[in-house]
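Before any comments, here is the structure.
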Amino acid sequence: MKVKRTILAPVVVAFFALATGGWLLQRGVEEGRSVYEQSRLFEDVLRQVETSFVEEFARDSLYRMAISGLLEELGDPHTELMERRQYEELVLQTTGEYGGIGIQIAKRNGWITVVAPLRGTPGERAGLMAGDAIVEVNGESTSEWSEDEAVNRLRGPKGEPVEIGIMRAGADEPIPFRIVRDDIVITSVPAAYVMDGGVGYVELSVFSETSVDSLRHAIDRLRAQGATSLILDLRGNPGGVLEAGLAVSDLFLNPGDKLSEIQGRTPQNSQSWTDRVEQPFADLPMVVLLNPFSASAAEIVAGALQDHDRALILGQTSFGKGSVQSLLNLPGGDILKMTTARWLTPSGRSIQGPYGIDAERAAAQAERMAAAGRPADPDAPEGLPEDVPTFQTDMGRTVYGGGGIRPDLLVRPDTISTSEQVFVRALNQHGQAYADARFAYAVEFIRQNAGLQRGFQVAGAMLDDFYAALSAADIDIERAVYDAAEVWVTRDLGIEITRRKWNDEAARMRVNLEDVQVRTAAEILRQVTRPVEVFAAADAFADRRQGSVGASSGGR
């Protein structure tokens, strides 16, 4: 028996080793072979192209092309390989004594797109608009440009012009603009005033180093003037300095509340931020306004206030810009700028909207929904994708992920009439010539009317004179087309004269008189005395209007 055991044990052990170690070894060989075969395939293709392709390419160029193809296949417009020279030029352009045209940009639908022109900058004065696609810069197509490349080309020495071509809705050809670069001075709070009923209004146009102090001082001033509630307007705010966004959230949340977090695949690419300071405005009911051009830090603030039920979010779904890029130094001096994390709201929603493969899936799903008779508008309650993730706020309200910040109460801006669209399309053919002519008319009108008062009306002879000024500037539009757009012209010219006579705040006050989103926010706030009451008031408002969207369900 002992002999049999002595002989059997090694046999069993050997068999077990063969069965396990042999399988593990075989599995390793198969995996290694797969990787080896793929590497060999790449080298074979590279060699064939190098030796037999009809055009000659150096091997280092082929490797560069392969790397570019790899990064392009990731479907991430923010990931790219930069040569050391490109990186140093970018740093010089963005930190040195260079001017700009004053726009925030992002890549959308394959083109460099204006997220927002900054107030008082050359781009805004020339008439650039949010949503404009920059298709040419100094005669060169931008179709293959990254965001960094566009920044590099648009910035330059102060006083030097840059020629750009813009595609805009209604334009058949690129609209030419010639914009002279200048120093860019950012005003974080261009407008802050008290409306009827004690509703304070503050426009926060960008997040800069001074934003928190400017916002705090503006709210303090409004409270001293009798404000008992607050509209925080983040529409068109393209973001800016991250720390400023977190600090603004800090103004309205309580110690221990999560502000935001970034989440990557590795611990070093993940981080969380928490409120540590008592909020100075805890008693102020709030509504935050968003639109499709609210981005980045603006979305961080809106997401934090929504998740903690501190403010009602009203308007439209935001831009969806919430990815984090890291700069990685590579052997040989190249720089890999790579997306390594995404911004999340406190409840865990990803701010980043779909792009690349995800965008294609979203578009395909929208087509399927449309074919099934369901709206493709993601803001519509029945237009949400079937697999959109849902989250809960502190109070248990449902909010939605899928990119951007969806409003609690959907309120679209007023649209222009068909006649007005015809007029605007005609204007678009003339590019910045209209903005120049409007500015010149406003300045001359102010000079001739020294006693002009706020609230002045644009009518009668003014409209005739303005049409003559457009004709003198070679903006040839039929008088019938001009007359049919009288409401649009009256509003636009009145805003321009107000801005030049007084300031941006006065112009914003005039705009807000007819702004349905501001009016709705003010109506809700006039009915409440405590911050938590805004949600019930918004629900009641939604119930009163036909085709409403429930306020308590994140745009449900």
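Note on naming: chains are A, B, ... as they come in the structure tokens, residues start from 1 per chain, ligands start from 1 in the order shown.
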
Review point. Residues at most 9 Å from Glu261 of chain A, counting only C-alpha atoms, excluding those fewer than 3 positions away in the same chain, as JSON, numbers by chain?
Key: {"A": [258, 270, 271, 272, 273, 274, 342, 343, 344, 345, 346, 348]}

Point to revise | Residues near Arg479 of chain A, cut-off 12 Å, only C-alpha atoms, skip fewer than 2 positions along chain, as a list in words | key: Phe423, Ala426, Leu463, Asp464, Phe466, Tyr467, Ala468, Leu470, Ser471, Ile475, Asp476, Ile477, Val481, Tyr482, Asp483, Ala484, Ala485 and Glu486 of chain A

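Take atom CA of Val185 of chain A and atom CA of Gly120 of chain A: the distance between them is 8.1 Å.
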
Closest contacts (segment 262-335 of chain A/segment 238-250 of chain A, max 9 Å, only C-alpha atoms) as JSON lines:
```
{"residue": "A:Trp273", "atom": "CA", "partner": "A:Leu246", "partner_atom": "CA", "distance": 7.9}
{"residue": "A:Thr274", "atom": "CA", "partner": "A:Asp250", "partner_atom": "CA", "distance": 8.5}
{"residue": "A:Asp275", "atom": "CA", "partner": "A:Asp250", "partner_atom": "CA", "distance": 5.6}
{"residue": "A:Arg276", "atom": "CA", "partner": "A:Asp250", "partner_atom": "CA", "distance": 7.5}
{"residue": "A:Val277", "atom": "CA", "partner": "A:Asp250", "partner_atom": "CA", "distance": 6.7}
{"residue": "A:Glu278", "atom": "CA", "partner": "A:Asp250", "partner_atom": "CA", "distance": 8.1}
{"residue": "A:Gln279", "atom": "CA", "partner": "A:Asp250", "partner_atom": "CA", "distance": 6.9}
{"residue": "A:Phe293", "atom": "CA", "partner": "A:Pro238", "partner_atom": "CA", "distance": 6.5}
{"residue": "A:Ser294", "atom": "CA", "partner": "A:Pro238", "partner_atom": "CA", "distance": 5.4}
{"residue": "A:Ala295", "atom": "CA", "partner": "A:Pro238", "partner_atom": "CA", "distance": 4.7}
{"residue": "A:Ser296", "atom": "CA", "partner": "A:Gly239", "partner_atom": "CA", "distance": 4.8}
{"residue": "A:Ala297", "atom": "CA", "partner": "A:Gly239", "partner_atom": "CA", "distance": 4.4}
{"residue": "A:Ala298", "atom": "CA", "partner": "A:Gly239", "partner_atom": "CA", "distance": 5.3}
{"residue": "A:Glu299", "atom": "CA", "partner": "A:Gly239", "partner_atom": "CA", "distance": 7.9}
{"residue": "A:Ile300", "atom": "CA", "partner": "A:Gly245", "partner_atom": "CA", "distance": 6.7}
{"residue": "A:Val301", "atom": "CA", "partner": "A:Ser249", "partner_atom": "CA", "distance": 5.3}
{"residue": "A:Ala302", "atom": "CA", "partner": "A:Ser249", "partner_atom": "CA", "distance": 8.2}
{"residue": "A:Ala304", "atom": "CA", "partner": "A:Ser249", "partner_atom": "CA", "distance": 6.8}
{"residue": "A:Leu305", "atom": "CA", "partner": "A:Ser249", "partner_atom": "CA", "distance": 7.1}
{"residue": "A:Phe319", "atom": "CA", "partner": "A:Pro238", "partner_atom": "CA", "distance": 8.7}
```

Practice item. Please provide as a PyMOL selection string all residues within 9 Å of Pro389 of chain A, with the sequence filter that same-chain residues fewer than 5 positions apart are discarded (counting only C-alpha atoms). Key: chain A and resi 349+399-402

Output C-alpha atoms for every residue in the selection just made, as a tab-separated table (two decimals), in the first residue's frame.
```tsv
chain	number	residue	atom	x	y	z
A	349	ARG	CA	-23.77	62.23	-13.79
A	399	VAL	CA	-32.34	63.99	-12.94
A	400	TYR	CA	-30.84	62.60	-16.12
A	401	GLY	CA	-27.35	61.83	-17.36
A	402	GLY	CA	-26.23	61.36	-20.94
```
